[in-house]
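J.: My structure file protein.pdb, PDB, C-alpha atoms and all ligand atoms, is below:
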```pdb
MODEL        1
ATOM      1  CA  MET E  12     -35.979  16.006  27.278
ATOM      2  CA  GLU E  13     -39.353  16.240  28.901
ATOM      3  CA  ALA E  14     -40.423  19.467  30.498
ATOM      4  CA  GLU E  15     -40.140  19.777  34.243
ATOM      5  CA  PHE E  16     -43.476  19.198  35.874
ATOM      6  CA  GLN E  17     -43.542  22.707  37.274
ATOM      7  CA  THR E  18     -43.195  24.294  33.856
ATOM      8  CA  PRO E  19     -45.561  22.507  31.469
ATOM      9  CA  GLN E  20     -46.221  23.773  27.964
ATOM     10  CA  PRO E  21     -49.974  24.092  27.806
ATOM     11  CA  SER E  22     -51.348  23.347  24.367
ATOM     12  CA  ALA E  23     -54.059  25.363  22.705
ATOM     13  CA  ARG E  24     -56.752  23.003  23.870
ATOM     14  CA  HIS E  25     -55.981  23.744  27.489
ATOM     15  CA  GLN E  26     -56.539  27.385  26.852
ATOM     16  CA  ALA E  27     -59.790  26.904  24.989
ATOM     17  CA  GLU E  28     -62.978  28.187  26.484
ATOM     18  CA  ALA E  29     -65.499  25.545  27.373
ATOM     19  CA  THR E  30     -67.705  24.925  24.365
ATOM     20  CA  THR E  31     -70.457  22.456  23.628
ATOM     21  CA  ASN E  32     -70.283  20.406  20.455
ATOM     22  CA  GLU E  33     -73.155  18.907  18.467
ATOM     23  CA  ASN E  34     -73.129  15.824  20.673
ATOM     24  CA  GLY E  35     -73.920  17.940  23.670
ATOM     25  CA  LEU E  36     -70.560  17.357  25.307
ATOM     26  CA  ALA E  37     -68.792  20.377  26.630
ATOM     27  CA  PHE E  38     -65.041  20.571  26.152
ATOM     28  CA  GLY E  39     -62.313  22.879  27.172
ATOM     29  CA  PHE E  40     -60.850  23.721  30.521
ATOM     30  CA  ALA E  41     -62.222  26.465  32.683
ATOM     31  CA  MET E  42     -59.642  25.707  35.366
ATOM     32  CA  PRO E  43     -56.627  27.977  35.741
ATOM     33  CA  LEU E  44     -53.589  27.069  33.669
ATOM     34  CA  SER E  45     -51.255  26.987  36.633
ATOM     35  CA  SER E  46     -49.086  23.878  36.499
ATOM     36  CA  ARG E  47     -50.221  22.863  39.950
ATOM     37  CA  ARG E  48     -53.779  22.539  38.697
ATOM     38  CA  TYR E  49     -52.630  20.643  35.632
ATOM     39  CA  GLY E  50     -53.764  17.290  37.031
ATOM     40  CA  ARG E  51     -50.922  15.081  35.830
ATOM     41  CA  ASN E  52     -51.992  11.513  36.176
ATOM     42  CA  ILE E  53     -50.867   8.082  35.083
ATOM     43  CA  ILE E  54     -54.263   6.682  34.639
ATOM     44  CA  ARG E  55     -54.839   4.508  31.568
ATOM     45  CA  ILE E  56     -58.363   4.710  30.188
ATOM     46  CA  LEU E  57     -60.146   2.582  27.604
ATOM     47  CA  LEU E  58     -62.653   4.628  25.624
ATOM     48  CA  VAL E  59     -65.267   2.591  23.750
ATOM     49  CA  GLU E  60     -67.309   4.981  21.628
ATOM     50  CA  ASP E  61     -68.335   4.732  17.981
ATOM     51  CA  ASN E  62     -68.956   8.389  17.174
ATOM     52  CA  PRO E  63     -65.637   9.555  15.636
ATOM     53  CA  ASP E  64     -66.026  13.235  16.484
ATOM     54  CA  LEU E  65     -67.149  12.569  20.037
ATOM     55  CA  SER E  66     -64.353  10.015  20.514
ATOM     56  CA  ARG E  67     -61.720  12.424  19.305
ATOM     57  CA  ARG E  68     -62.924  15.222  21.549
ATOM     58  CA  LEU E  69     -63.304  12.948  24.558
ATOM     59  CA  ALA E  70     -59.815  11.527  24.006
ATOM     60  CA  GLU E  71     -58.392  15.033  23.725
ATOM     61  CA  GLY E  72     -60.109  16.116  26.920
ATOM     62  CA  LEU E  73     -58.967  13.031  28.817
ATOM     63  CA  GLU E  74     -55.398  13.336  27.550
ATOM     64  CA  GLY E  75     -55.470  16.996  28.506
ATOM     65  CA  ALA E  76     -56.327  15.875  32.039
ATOM     66  CA  GLY E  77     -53.263  13.637  32.025
ATOM     67  CA  PHE E  78     -54.769  10.260  31.170
ATOM     68  CA  VAL E  79     -53.346   7.802  28.659
ATOM     69  CA  VAL E  80     -56.258   6.897  26.362
ATOM     70  CA  GLU E  81     -56.824   3.885  24.119
ATOM     71  CA  HIS E  82     -59.836   4.029  21.843
ATOM     72  CA  ALA E  83     -62.050   1.334  20.372
ATOM     73  CA  ALA E  84     -64.729   2.335  17.864
ATOM     74  CA  ASP E  85     -66.947  -0.751  18.013
ATOM     75  CA  GLY E  86     -68.166  -3.244  20.576
ATOM     76  CA  LYS E  87     -66.091  -6.245  19.578
ATOM     77  CA  SER E  88     -62.735  -4.476  19.438
ATOM     78  CA  GLY E  89     -63.634  -2.689  22.702
ATOM     79  CA  TYR E  90     -64.331  -6.039  24.303
ATOM     80  CA  ARG E  91     -61.055  -7.526  23.025
ATOM     81  CA  LEU E  92     -58.948  -4.547  24.095
ATOM     82  CA  GLY E  93     -60.525  -4.487  27.563
ATOM     83  CA  ARG E  94     -60.025  -8.227  27.873
ATOM     84  CA  MET E  95     -56.383  -8.294  26.753
ATOM     85  CA  GLU E  96     -54.956  -5.041  28.082
ATOM     86  CA  GLU E  97     -54.846  -3.577  31.544
ATOM     87  CA  PHE E  98     -56.782  -0.378  32.179
ATOM     88  CA  ASP E  99     -57.492   1.655  35.272
ATOM     89  CA  ALA E 100     -60.997   2.450  34.057
ATOM     90  CA  ALA E 101     -63.188   2.367  30.973
ATOM     91  CA  ILE E 102     -65.692   4.774  29.481
ATOM     92  CA  LEU E 103     -68.322   2.784  27.670
ATOM     93  CA  ASP E 104     -70.956   3.987  25.239
ATOM     94  CA  LEU E 105     -74.027   1.738  25.328
ATOM     95  CA  GLY E 106     -75.084   2.146  21.696
ATOM     96  CA  LEU E 107     -72.258   0.468  19.758
ATOM     97  CA  PRO E 108     -72.043  -1.280  16.396
ATOM     98  CA  ASP E 109     -71.786  -5.094  16.387
ATOM     99  CA  MET E 110     -72.086  -5.600  20.156
ATOM    100  CA  PRO E 111     -74.309  -3.611  22.530
ATOM    101  CA  GLY E 112     -72.431  -1.914  25.372
ATOM    102  CA  VAL E 113     -74.434  -3.747  28.032
ATOM    103  CA  GLU E 114     -73.503  -7.109  26.506
ATOM    104  CA  LEU E 115     -69.862  -6.045  26.252
ATOM    105  CA  LEU E 116     -69.828  -5.039  29.912
ATOM    106  CA  ARG E 117     -71.466  -8.288  31.003
ATOM    107  CA  SER E 118     -68.836 -10.228  29.027
ATOM    108  CA  TRP E 119     -65.982  -8.310  30.676
ATOM    109  CA  ARG E 120     -67.400  -9.049  34.113
ATOM    110  CA  GLN E 121     -67.873 -12.731  33.247
ATOM    111  CA  ALA E 122     -64.219 -12.771  32.170
ATOM    112  CA  ALA E 123     -63.286 -11.289  35.582
ATOM    113  CA  ARG E 124     -62.279  -7.892  34.161
ATOM    114  CA  GLU E 125     -62.941  -5.759  37.202
ATOM    115  CA  MET E 126     -61.822  -2.292  36.117
ATOM    116  CA  PRO E 127     -64.263   0.499  37.004
ATOM    117  CA  VAL E 128     -66.606   1.279  34.122
ATOM    118  CA  LEU E 129     -68.274   4.618  33.555
ATOM    119  CA  VAL E 130     -71.198   4.212  31.196
ATOM    120  CA  LEU E 131     -71.712   7.146  28.866
ATOM    121  CA  SER E 132     -74.810   7.322  26.792
ATOM    122  CA  ALA E 133     -77.161   9.804  25.215
ATOM    123  CA  ARG E 134     -80.068   7.589  26.000
ATOM    124  CA  GLY E 135     -80.659   8.362  29.628
ATOM    125  CA  SER E 136     -83.788   6.406  30.433
ATOM    126  CA  TRP E 137     -83.926   4.946  33.931
ATOM    127  CA  ALA E 138     -84.443   1.443  32.499
ATOM    128  CA  GLU E 139     -81.205   1.648  30.536
ATOM    129  CA  LYS E 140     -79.392   3.078  33.540
ATOM    130  CA  VAL E 141     -80.574   0.138  35.664
ATOM    131  CA  GLU E 142     -79.597  -2.332  32.938
ATOM    132  CA  GLY E 143     -76.112  -0.809  32.710
ATOM    133  CA  LEU E 144     -75.626  -0.894  36.476
ATOM    134  CA  ASN E 145     -76.915  -4.472  36.669
ATOM    135  CA  ALA E 146     -74.447  -5.467  33.970
ATOM    136  CA  GLY E 147     -71.625  -4.226  36.185
ATOM    137  CA  ALA E 148     -71.233  -0.497  35.526
ATOM    138  CA  ASP E 149     -69.774   1.479  38.428
ATOM    139  CA  ASP E 150     -71.181   4.839  37.470
ATOM    140  CA  TYR E 151     -73.374   6.308  34.819
ATOM    141  CA  ILE E 152     -73.283   9.626  33.040
ATOM    142  CA  THR E 153     -75.772  10.936  30.513
ATOM    143  CA  LYS E 154     -74.931  13.335  27.704
ATOM    144  CA  PRO E 155     -74.662  16.234  27.664
ATOM    145  CA  SER E 156     -71.793  16.082  30.129
ATOM    146  CA  HIS E 157     -68.871  18.333  30.782
ATOM    147  CA  ILE E 158     -65.457  16.747  30.300
ATOM    148  CA  GLN E 159     -64.427  17.968  33.748
ATOM    149  CA  GLU E 160     -67.293  16.039  35.326
ATOM    150  CA  ILE E 161     -66.254  12.908  33.437
ATOM    151  CA  VAL E 162     -62.663  13.334  34.614
ATOM    152  CA  ALA E 163     -63.752  13.904  38.229
ATOM    153  CA  ARG E 164     -65.990  10.840  38.185
ATOM    154  CA  LEU E 165     -63.262   8.695  36.653
ATOM    155  CA  ARG E 166     -60.821   9.798  39.341
ATOM    156  CA  ALA E 167     -63.353   8.982  42.055
ATOM    157  CA  LEU E 168     -63.990   5.533  40.550
ATOM    158  CA  ILE E 169     -60.286   4.798  40.282
ATOM    159  CA  ARG E 170     -59.635   5.926  43.856
ATOM    160  CA  ARG E 171     -62.445   3.719  45.113
ATOM    161  CA  SER E 172     -61.222   0.711  43.140
ATOM    162  CA  ALA E 173     -57.742   1.244  44.564
ATOM    163  CA  GLY E 174     -59.309   1.094  48.034
ATOM    164  CA  ASN E 175     -58.345   4.678  48.704
ATOM    165  CA  PRO E 176     -61.364   6.946  49.140
ATOM    166  CA  SER E 177     -59.315  10.022  49.999
ATOM    167  CA  SER E 178     -58.235  12.212  47.120
ATOM    168  CA  THR E 179     -54.622  12.227  48.345
ATOM    169  CA  LEU E 180     -52.425   9.127  48.176
ATOM    170  CA  VAL E 181     -50.253   8.718  51.250
ATOM    171  CA  HIS E 182     -47.310   6.454  52.034
ATOM    172  CA  ASP E 183     -45.245   7.209  55.131
ATOM    173  CA  THR E 184     -44.220  10.840  54.679
ATOM    174  CA  ILE E 185     -44.954  10.889  50.931
ATOM    175  CA  GLU E 186     -48.201  12.527  49.856
ATOM    176  CA  LEU E 187     -49.381  12.707  46.275
ATOM    177  CA  SER E 188     -52.410  14.620  45.042
ATOM    178  CA  PRO E 189     -53.578  13.410  41.593
ATOM    179  CA  ALA E 190     -55.942  16.359  41.225
ATOM    180  CA  SER E 191     -53.383  19.073  41.861
ATOM    181  CA  GLY E 192     -50.362  17.184  40.525
ATOM    182  CA  THR E 193     -48.301  17.829  43.630
ATOM    183  CA  VAL E 194     -46.050  15.613  45.720
ATOM    184  CA  THR E 195     -44.711  16.390  49.169
ATOM    185  CA  VAL E 196     -42.279  14.518  51.389
ATOM    186  CA  ALA E 197     -42.643  15.355  55.070
ATOM    187  CA  GLY E 198     -44.680  18.361  54.017
ATOM    188  CA  LYS E 199     -42.035  19.732  51.641
ATOM    189  CA  PRO E 200     -42.935  19.978  47.926
ATOM    190  CA  ILE E 201     -40.878  17.733  45.613
ATOM    191  CA  GLU E 202     -40.314  18.649  41.975
ATOM    192  CA  LEU E 203     -41.103  15.786  39.610
ATOM    193  CA  THR E 204     -41.218  15.640  35.836
ATOM    194  CA  ALA E 205     -44.515  14.588  34.272
ATOM    195  CA  GLN E 206     -43.287  11.042  33.649
ATOM    196  CA  GLU E 207     -41.886  10.676  37.160
ATOM    197  CA  PHE E 208     -45.238  11.841  38.487
ATOM    198  CA  ARG E 209     -47.115   9.318  36.354
ATOM    199  CA  ILE E 210     -44.956   6.467  37.589
ATOM    200  CA  LEU E 211     -45.175   7.489  41.235
ATOM    201  CA  ASN E 212     -48.943   7.871  40.970
ATOM    202  CA  TYR E 213     -49.199   4.373  39.505
ATOM    203  CA  PHE E 214     -46.925   2.930  42.196
ATOM    204  CA  MET E 215     -48.944   4.582  44.955
ATOM    205  CA  HIS E 216     -52.229   3.300  43.555
ATOM    206  CA  ARG E 217     -50.743  -0.197  43.689
ATOM    207  CA  ARG E 218     -48.769   0.016  46.868
ATOM    208  CA  GLY E 219     -47.419  -3.371  47.947
ATOM    209  CA  HIS E 220     -48.034  -5.011  44.564
ATOM    210  CA  VAL E 221     -45.302  -6.247  42.258
ATOM    211  CA  ILE E 222     -45.432  -4.165  39.081
ATOM    212  CA  SER E 223     -43.711  -5.345  35.930
ATOM    213  CA  GLN E 224     -41.752  -3.123  33.613
ATOM    214  CA  SER E 225     -44.304  -3.683  30.846
ATOM    215  CA  GLN E 226     -47.149  -2.591  33.145
ATOM    216  CA  LEU E 227     -45.241   0.616  33.831
ATOM    217  CA  LEU E 228     -44.631   1.139  30.125
ATOM    218  CA  ASP E 229     -48.347   0.616  29.418
ATOM    219  CA  HIS E 230     -49.126   3.401  31.847
ATOM    220  CA  LEU E 231     -46.566   5.764  30.387
ATOM    221  CA  TYR E 232     -47.182   5.406  26.682
ATOM    222  CA  SER E 233     -50.181   4.798  24.436
ATOM    223  CA  LEU E 234     -50.179   1.629  22.367
ATOM    224  CA  GLY E 235     -48.344   2.159  19.122
ATOM    225  CA  THR E 236     -45.923   4.755  20.447
ATOM    226  CA  GLU E 237     -42.298   3.776  20.746
ATOM    227  CA  ARG E 238     -41.400   2.542  24.223
ATOM    228  CA  ASP E 239     -37.966   2.110  25.623
ATOM    229  CA  PRO E 240     -37.782  -0.169  28.689
ATOM    230  CA  ASN E 241     -34.532   1.528  29.722
ATOM    231  CA  THR E 242     -36.456   4.703  30.451
ATOM    232  CA  ILE E 243     -38.259   2.963  33.324
ATOM    233  CA  GLU E 244     -34.962   2.282  35.089
ATOM    234  CA  VAL E 245     -33.999   5.920  34.663
ATOM    235  CA  TYR E 246     -37.285   7.167  36.118
ATOM    236  CA  VAL E 247     -37.147   4.737  39.024
ATOM    237  CA  ALA E 248     -33.581   5.819  39.813
ATOM    238  CA  ARG E 249     -34.646   9.465  39.789
ATOM    239  CA  LEU E 250     -37.641   8.757  42.034
ATOM    240  CA  ARG E 251     -35.377   6.928  44.496
ATOM    241  CA  ARG E 252     -33.058   9.910  44.531
ATOM    242  CA  LYS E 253     -35.924  12.263  45.288
ATOM    243  CA  LEU E 254     -37.955  10.087  47.665
ATOM    244  CA  GLY E 255     -35.461   7.767  49.320
ATOM    245  CA  ARG E 256     -33.669   4.625  48.140
ATOM    246  CA  ASP E 257     -35.872   2.054  49.850
ATOM    247  CA  VAL E 258     -39.247   3.322  48.790
ATOM    248  CA  ILE E 259     -39.157   1.390  45.482
ATOM    249  CA  LYS E 260     -37.787  -2.140  45.715
ATOM    250  CA  THR E 261     -36.462  -4.045  42.723
ATOM    251  CA  MET E 262     -37.947  -7.542  42.500
ATOM    252  CA  ARG E 263     -35.443  -9.487  40.436
ATOM    253  CA  GLY E 264     -36.940 -10.732  37.177
ATOM    254  CA  LEU E 265     -40.383  -9.471  38.159
ATOM    255  CA  GLY E 266     -40.308  -5.712  38.302
ATOM    256  CA  TYR E 267     -40.728  -3.295  41.183
ATOM    257  CA  ARG E 268     -42.672  -2.907  44.380
ATOM    258  CA  PHE E 269     -43.561   0.382  46.023
ATOM    259  CA  GLY E 270     -43.920   0.602  49.789
TER     260      GLY E 270
HETATM  261 CA    CA E 301     -72.996   5.286  20.037
ENDMDL
END
```
Could you render the structure as structure tokens?
Ligand code: CA

T.:
Amino acid sequence: MEAEFQTPQPSARHQAEATTNENGLAFGFAMPLSSRRYGRNIIRILLVEDNPDLSRRLAEGLEGAGFVVEHAADGKSGYRLGRMEEFDAAILDLGLPDMPGVELLRSWRQAAREMPVLVLSARGSWAEKVEGLNAGADDYITKPSHIQEIVARLRALIRRSAGNPSSTLVHDTIELSPASGTVTVAGKPIELTAQEFRILNYFMHRRGHVISQSQLLDHLYSLGTERDPNTIEVYVARLRRKLGRDVIKTMRGLGYRFG
């Protein structure tokens, strides 16, 4: 049984003081531990980074912020994963074994993979920055960077790509704040579990689109973890109970549509 959203069990890493590792990246969460600042989010991120220690710490930080993270440790597998799977955004290191990040990014864009890409590199020369942006990067961050800045920039990129520049997602009387992890209906707070929140957030980012069950599963669970399609029906039923029957429509044989 998952914990109610209002009473999360913060792990040790959420309580850690911000520290800087040898790669110059600062980790840890200075924000209060209140559940409302927990930042539950459905967002699925592809992390392409070859440094094992940096990757692990980045993945931990991103997961702590509520993202589902898939990791690729070299250019070619990063390219394949980004080509085959659906992601809301990618973090891309430019210096990668077997395929430079800029080439990888150009190949994604040529293959019409349009997810927002945040380029992350220690080499912060203006020429490389320009090359990355020309290859199709949406934003650029140079190490050392704080994990909270990375998370904030990712959220901004994802909001922009969803065509929603405001930090709150709104549909009729439903308002969802990804940053604070809160949902209100007609101004009244609604209690959602973490998984219900993830699904609603995903639905609201893709309002009006048909979303398949497997897309929902991809946004709930990392690859390799056990997924039970029946859980989606349970979550959707609970969301309908809390938000109103008609807000999520079942599209026979296709999936669901929000709004
Ligand atoms: Ca590297």

J.: For this file, the PyMOL selection byres (((not hetatm)) within 8 of (chain E and resi 301)) selects which residues, as a PyMOL selection string?

T.: chain E and resi 60-62+104-108+132

J.: Check which residues satisfy the PyMOL selection byres (((chain E and resi 231-246) around 9) and not hetatm) in the file shown, then give them as an mmCIF file with C-alpha atoms, in the frame of the given file.

T.:
```cif
data_model
loop_
_atom_site.group_PDB
_atom_site.id
_atom_site.type_symbol
_atom_site.label_atom_id
_atom_site.label_comp_id
_atom_site.auth_asym_id
_atom_site.auth_seq_id
_atom_site.Cartn_x
_atom_site.Cartn_y
_atom_site.Cartn_z
ATOM 1 C CA ILE E 53 -50.867 8.082 35.083
ATOM 2 C CA ILE E 54 -54.263 6.682 34.639
ATOM 3 C CA ARG E 55 -54.839 4.508 31.568
ATOM 4 C CA VAL E 79 -53.346 7.802 28.659
ATOM 5 C CA VAL E 80 -56.258 6.897 26.362
ATOM 6 C CA GLU E 81 -56.824 3.885 24.119
ATOM 7 C CA GLN E 206 -43.287 11.042 33.649
ATOM 8 C CA GLU E 207 -41.886 10.676 37.160
ATOM 9 C CA ARG E 209 -47.115 9.318 36.354
ATOM 10 C CA ILE E 210 -44.956 6.467 37.589
ATOM 11 C CA GLN E 224 -41.752 -3.123 33.613
ATOM 12 C CA SER E 225 -44.304 -3.683 30.846
ATOM 13 C CA GLN E 226 -47.149 -2.591 33.145
ATOM 14 C CA LEU E 227 -45.241 0.616 33.831
ATOM 15 C CA LEU E 228 -44.631 1.139 30.125
ATOM 16 C CA ASP E 229 -48.347 0.616 29.418
ATOM 17 C CA HIS E 230 -49.126 3.401 31.847
ATOM 18 C CA VAL E 247 -37.147 4.737 39.024
ATOM 19 C CA ALA E 248 -33.581 5.819 39.813
ATOM 20 C CA ARG E 249 -34.646 9.465 39.789
ATOM 21 C CA LEU E 250 -37.641 8.757 42.034
ATOM 22 C CA ARG E 251 -35.377 6.928 44.496
#
```

J.: Give me, please, the distance in Å between CA of Arg263 (chain E) and CA of Met95 (chain E), quoted to one decimal.

T.: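 Separating CA of Arg263 (chain E) from CA of Met95 (chain E) is a distance of 25.0 Å.
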
J.: One number please: CA of Asp85 (chain E) to CA of Lys154 (chain E), in Å, one decimal.

T.: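 Distance reported for this atom pair: 18.9 Å.
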
J.: Please, what distance in Å, to one decimal, runs between CA of Arg171 (chain E) and CA of Ala100 (chain E)?

T.: 11.2 Å

J.: Spell out the residues picked by the PyMOL selection byres (((chain E and resi 116) around 9) and not hetatm) here, as a PyMOL selection string.

T.: chain E and resi 90+103+111-115+117-121+128+143+146-148

J.: Can you sort out the box for region 153-159 of chain E, edges along x, y and z, all listed atoms in, 3 Å on every side, with centre and edge lengths in Å to one decimal, as lines of an AutoDock Vina configuration file?

T.:
```
center_x = -70.1
center_y = 14.6
center_z = 30.7
size_x = 17.3
size_y = 13.4
size_z = 12.1
```

J.: Within 10 Å of region 157-161 of chain E, which residues of region 56-145 of chain E come that close, and what is the closest atom pair and distance in Å for each? Count only C-alpha atoms and give it as a tab-separated table.

T.:
```
residue	atom	partner	partner_atom	distance
E:Arg68	CA	E:Ile158	CA	9.2
E:Leu69	CA	E:Ile158	CA	7.2
E:Ala70	CA	E:Ile158	CA	9.9
E:Glu71	CA	E:Ile158	CA	9.8
E:Gly72	CA	E:Ile158	CA	6.4
E:Leu73	CA	E:Ile158	CA	7.6
E:Ala76	CA	E:Gln159	CA	8.5
E:Ile102	CA	E:Ile161	CA	9.1
E:Leu129	CA	E:Ile161	CA	8.5
E:Leu131	CA	E:Ile161	CA	9.2
```
